[in-house]
Amino acid sequence: MSARKLAVQLLNRTEQEQSYSNLLLDSALSQSQLDERDKRLCASLYYGVIERRITLDAVLSHYSKQPLRKLDSTVWNILRLGIYQLLYCDQIPSRAAVNESVKLTRSCRKASASGFVNAVLRGFLRDDCKIPYPKDPKAAMAVEYAVPQWLLEKLVNAYGMDTTKAFLADALQPAPRFIRQNPAACTCAELEQALGDAIRPTNLTGAYELHAGDIRKLPEFRKGWFYVQDLSSQICALALGAASGETVLDLCAAPGGKTCTIAAGMEQTGCVHAFDLAEHRVKLIQDNVKRLGLRNVQAAQGDATRFQEAYAGADCVLCDVPCSGIGVLRHKPEVKEKSPEALAELPALQLAILENGARYVKAGGILQYSTCTILKEENEGVAEAFLQAHPEFEPVPVYPALGGVLEQPMATILPEMFGSDGFFVAKFRKKG
Ligand SMILES: C[S@@+](CC[C@H](N)C(=O)[O-])C[C@H]1O[C@@H](n2cnc3c(N)ncnc32)[C@H](O)[C@@H]1O
């Protein structure tokens with residue numbers, strides 16, 4: 001099977017199964033016979049079409065004589081792939097993009113649509129591949145940055161035009177990758193010596209930007225010397241400030257990234273109790289803890305909205321709640337496809353988790369709330385509602401040592417600050 005055909009199959013499955021693009025792609029590529037070059041082509045076409053879907057469909061609805069919703073889904077994805085190559089793949093000649101799309105239509109057993117695919121792509125090519133932007137400025141901006149208009153409006157209302165543009169432009173670029181040194185396995189000096197130019201230190205001790213291909217091939221990865229974790233997540237885990245010997249609850253913990261950073265910072269003492277609602281995801285926490293050789297983590301299934309008396313009196317509680325994921329658009333572009341109605345249900349669940357988390361905190365202890373979204377209703381909206389109902393908690397600065405927004409008790413981290421994902425952290429102390 002060709003790289004393009006696999007990309008179309010994956011696009012069909014992404015729509016049908018509503019699965020995460022990275023998981024679907026990883027599993028398909030590991031089972032495929034494609035060589036490395038074709039795997040890279042498949043990945044870039046697949047991600048690219050998901051990322052630019054809104055722009056591609058704006059082009060298609062202009063050039064297709066049939067309404068898009070009436071198109072067969074395979075034909076529709078072949079067309080998106082064709083337009084994507086014409087617009088964004090400089091290394092693929094236009095003629096090849098059209099011819100390959102027509103061939104693909106036949107090999108996907110949609111031969112009767114091959115003339116139609118050819119006509120649409122050639123029509124766009126004849127017009128020098130100019131994107132037909134709508135006249136309305138907001139609608140045009142939504143097409144330019146490939147975001148739904150409801151999301152664009154929310155972001156502009158919350159952050160203004162310039163910050164929104166910077167955020168959305170960044171979401172269409174490859175994201176920098178960050179790793180965290182595992183103090184249970186090596187020192188920073190040993191890691192720097194071993195990885196050399198492949199890593200660059202950041203302002204956060206133990207955090208590095210990674211410039212290497214497949215990290216799974218690095219022996220230091222297999223030895224558990226480091227793990228991949230976005231800088232925002234590292235900041236969130238360290239901001240909790242868990243000290244050696246303390247008891248920490250991480251209520252929404254899978255796959256366990258923050259659990260590991262918290263536990264590693266506690267020098268193998270105390271205990272991080274890590275829970276997740278999804279039983280099968282608890283195994284992911286356990287696998288990560290094992291690979292890193294951490295001995296101070298207990299992972300179990302648990303519902304963060306339900307109180308378990310046995311864990312009351314914790315020093316620190318982290319509620320890293322399920323959210324819309326708008327801050328990580330550049331890793332999971334499919335989050336743009338979620339409906340605003342589905343997202344509207346999140347703040348109630350997030351507040352319920354935070355309120356339950358509060359019940360575990362000892363007097364003087366820390367409660368921290370975090371999301372990987374930048375939508376205000378899931379962030380400040382929830383944190384402020386919590387504070388209003390819980391005068392026994394006071395807001396405290398998130399991570400004053402890092403300065404900037406992190407000196408505030410509610411901090412929105414934007415990619416323009418550290419190059420990391422969009423993220424939100426709010427920190428509270430229980431009075432007493
Ligand atoms: C943002 S992710 C957590 C990421 C994790 N803290 C990390 O750093 O690797 C949110 C997690 O919350 C879990 N979740 C959703 N609802 C939950 C609930 N009611 N109780 C516990 N976990 C829940 C999801 O299964 C998901 O793994």
# chains A, B, ... in the order shown; residues from 1 in each chain; ligands from 1
call {"tool": "residues_around", "arguments": {"residues": "Gln229 in chain A", "least_positions_apart": "2", "cutoff": "8 Å", "atoms": "only C-alpha atoms", "output": "PyMOL selection string"}}
result
chain A and resi 177-180+227+231+233-234+257
call {"tool": "residues_near_ligand", "arguments": {"ligand": "ligand 1", "cutoff": "7 Å", "atoms": "only C-alpha atoms and all ligand atoms", "output": "list in words"}}
result
Ser233, Leu251, Cys252, Ala253, Ala254, Pro255, Gly256, Gly257, Lys258, Thr259, Phe275, Asp276, Leu277, Ala278, Arg281, Gly302, Asp303, Ala304, Thr305, Asp320, Val321, Pro322, Cys323, Ile353, Thr371 and Cys372 of chain A
call {"tool": "write_last_selection", "arguments": {"atoms": "C-alpha atoms", "output": "compact mmCIF listing (two decimals), in the first residue's frame"}}
result
# COMPACT_ATOMS: atom_id res chain seq x y z
CA SER A 233 3.83 20.16 32.00
CA LEU A 251 -6.06 12.64 40.72
CA CYS A 252 -6.07 12.59 36.89
CA ALA A 253 -2.67 11.08 36.32
CA ALA A 254 -2.49 8.94 33.16
CA PRO A 255 -0.22 8.52 31.27
CA GLY A 256 1.77 9.66 34.29
CA GLY A 257 4.05 12.41 32.98
CA LYS A 258 3.46 14.80 35.85
CA THR A 259 3.33 11.94 38.36
CA PHE A 275 -5.23 7.77 39.99
CA ASP A 276 -7.05 7.74 36.69
CA LEU A 277 -10.64 6.97 35.83
CA ALA A 278 -9.66 4.79 32.87
CA ARG A 281 -4.60 4.03 31.32
CA GLY A 302 -9.99 6.03 40.81
CA ASP A 303 -12.70 8.57 40.01
CA ALA A 304 -11.48 12.07 40.85
CA THR A 305 -15.04 13.20 41.59
CA ASP A 320 -4.73 17.97 36.07
CA VAL A 321 -8.23 17.72 34.71
CA PRO A 322 -9.61 16.51 31.36
CA CYS A 323 -10.09 19.55 29.13
CA ILE A 353 -12.87 17.31 40.41
CA THR A 371 -5.43 22.23 32.09
CA CYS A 372 -3.81 22.13 28.66
call {"tool": "residues_around", "arguments": {"residues": "Ala312 in chain A", "least_positions_apart": "5", "cutoff": "10 Å", "atoms": "only C-alpha atoms", "output": "list of chain:residue names"}}
result
A:Leu249, A:Phe307, A:Gly357, A:Ala358, A:Arg359, A:Tyr360, A:Val361, A:Lys362
call {"tool": "closest_atom_pairs", "arguments": {"of": "range 17-77 of chain A", "to": "range 327-342 of chain A", "cutoff": "12 Å", "atoms": "only C-alpha atoms", "output": "Markdown table"}}
result
| residue | atom | partner | partner_atom | distance |
| --- | --- | --- | --- | --- |
| A:Glu17 | CA | A:Glu334 | CA | 11.9 |
| A:Gln18 | CA | A:Glu334 | CA | 8.5 |
| A:Ser19 | CA | A:Glu334 | CA | 8.8 |
| A:Tyr20 | CA | A:Lys332 | CA | 7.2 |
| A:Ser21 | CA | A:Lys332 | CA | 6.7 |
| A:Asn22 | CA | A:Lys332 | CA | 7.4 |
| A:Leu23 | CA | A:Lys332 | CA | 10.3 |
| A:Leu24 | CA | A:Lys332 | CA | 11.7 |
| A:Leu25 | CA | A:Lys332 | CA | 11.8 |
| A:Tyr46 | CA | A:Pro333 | CA | 10.9 |
| A:Tyr47 | CA | A:Pro333 | CA | 7.7 |
| A:Gly48 | CA | A:Pro333 | CA | 9.1 |
| A:Val49 | CA | A:Pro333 | CA | 9.6 |
| A:Ile50 | CA | A:Pro333 | CA | 6.2 |
| A:Glu51 | CA | A:Pro333 | CA | 5.1 |
| A:Arg52 | CA | A:Pro333 | CA | 8.6 |
| A:Arg53 | CA | A:Glu334 | CA | 9.4 |
| A:Ile54 | CA | A:Lys336 | CA | 9.6 |
call {"tool": "write_last_selection", "arguments": {"atoms": "C-alpha atoms", "output": "mmCIF file, in the first residue's frame"}}
result
data_model
loop_
_atom_site.group_PDB
_atom_site.id
_atom_site.type_symbol
_atom_site.label_atom_id
_atom_site.label_comp_id
_atom_site.auth_asym_id
_atom_site.auth_seq_id
_atom_site.Cartn_x
_atom_site.Cartn_y
_atom_site.Cartn_z
ATOM 1 C CA GLU A 17 -13.522 6.470 15.308
ATOM 2 C CA GLN A 18 -12.804 9.957 16.657
ATOM 3 C CA SER A 19 -9.449 8.614 17.830
ATOM 4 C CA TYR A 20 -6.308 10.566 18.672
ATOM 5 C CA SER A 21 -4.266 11.110 15.504
ATOM 6 C CA ASN A 22 -0.898 10.312 17.099
ATOM 7 C CA LEU A 23 -2.062 6.953 18.520
ATOM 8 C CA LEU A 24 -3.754 5.910 15.266
ATOM 9 C CA LEU A 25 -0.737 6.883 13.165
ATOM 10 C CA TYR A 46 -2.049 12.737 7.414
ATOM 11 C CA TYR A 47 -1.224 15.360 10.083
ATOM 12 C CA GLY A 48 -1.158 18.117 7.508
ATOM 13 C CA VAL A 49 -4.684 17.376 6.268
ATOM 14 C CA ILE A 50 -6.056 17.211 9.844
ATOM 15 C CA GLU A 51 -4.292 20.446 10.727
ATOM 16 C CA ARG A 52 -5.462 22.356 7.620
ATOM 17 C CA ARG A 53 -8.842 20.663 7.161
ATOM 18 C CA ILE A 54 -10.805 23.906 7.402
#
call {"tool": "residues_around", "arguments": {"residues": "Val102 in chain A", "least_positions_apart": "5", "cutoff": "7 Å", "atoms": "only C-alpha atoms", "output": "list in words"}}
result
Ser114, Val117 and Asn118 of chain A
call {"tool": "select_by_dssp", "arguments": {"residues": "range 167-238 of chain A", "states": "alpha helix (DSSP H)", "output": "count of residues only"}}
result
25
call {"tool": "residues_around", "arguments": {"residues": "range 148-160 of chain A", "least_positions_apart": "2", "cutoff": "9 Å", "atoms": "only C-alpha atoms", "output": "PyMOL selection string"}}
result
chain A and resi 54+138-139+141-143+146+162-165+168+336-337+340+374-376
call {"tool": "residues_around", "arguments": {"residues": "Arg37 in chain A", "least_positions_apart": "6", "cutoff": "12 Å", "atoms": "only C-alpha atoms", "output": "JSON, numbers by chain"}}
result
{"A": [2, 3, 29, 43, 44]}
call {"tool": "residues_around", "arguments": {"residues": "Leu292 in chain A", "least_positions_apart": "3", "cutoff": "9 Å", "atoms": "only C-alpha atoms", "output": "PDB file with C-alpha atoms, in the first residue's frame"}}
result
ATOM      1  CA  ASN A 182      15.437  11.586  35.405  1.00  0.00           C
ATOM      2  CA  ALA A 184      16.742   8.625  39.714  1.00  0.00           C
ATOM      3  CA  ALA A 185      18.927   7.443  36.786  1.00  0.00           C
ATOM      4  CA  LYS A 223      17.955   3.254  30.130  1.00  0.00           C
ATOM      5  CA  GLY A 224      15.362   5.682  31.523  1.00  0.00           C
ATOM      6  CA  TRP A 225      17.757   8.653  31.749  1.00  0.00           C
ATOM      7  CA  PHE A 226      15.083  11.007  30.412  1.00  0.00           C
ATOM      8  CA  TYR A 227      11.504  11.169  29.242  1.00  0.00           C
ATOM      9  CA  CYS A 260       6.877  11.013  37.336  1.00  0.00           C
ATOM     10  CA  ALA A 264      11.422  12.135  40.794  1.00  0.00           C
ATOM     11  CA  ASP A 287       4.899   1.423  32.699  1.00  0.00           C
ATOM     12  CA  ASN A 288       6.378   4.929  32.873  1.00  0.00           C
ATOM     13  CA  VAL A 289       7.138   4.651  36.585  1.00  0.00           C
TER      14      VAL A 289
END
call {"tool": "atom_distance", "arguments": {"atom1": "CA of Glu279 in chain A", "atom2": "CA of Leu240 in chain A"}}
result
25.2 Å
call {"tool": "closest_atom_pairs", "arguments": {"of": "range 327-408 of chain A", "to": "range 202-207 of chain A", "cutoff": "12 Å", "atoms": "only C-alpha atoms", "output": "tab-separated table"}}
result
residue	atom	partner	partner_atom	distance
A:Tyr399	CA	A:Leu204	CA	11.3
A:Ala401	CA	A:Leu204	CA	9.8
A:Leu402	CA	A:Leu204	CA	8.1
A:Gly403	CA	A:Asn203	CA	11.1
call {"tool": "write_last_selection", "arguments": {"atoms": "C-alpha atoms", "output": "short mmCIF file (atom, residue, chain, number, x, y, z; two decimals), in the first residue's frame"}}
result
data_model
loop_
_atom_site.label_atom_id
_atom_site.label_comp_id
_atom_site.auth_asym_id
_atom_site.auth_seq_id
_atom_site.Cartn_x
_atom_site.Cartn_y
_atom_site.Cartn_z
CA TYR A 399 6.00 29.40 40.46
CA ALA A 401 11.11 31.62 40.76
CA LEU A 402 10.36 31.54 37.02
CA GLY A 403 8.90 35.07 37.05
#
call {"tool": "closest_residue", "arguments": {"among": "A:Leu349, A:Val147, A:Ala198, A:Cys108", "to": "Ile215 in chain A", "atoms": "only C-alpha atoms"}}
result
A:Ala198
call {"tool": "closest_residue", "arguments": {"among": "A:Gln350, A:Thr187, A:Asn77, A:Gln91", "to": "Gly381 in chain A", "atoms": "only C-alpha atoms"}}
result
A:Gln350
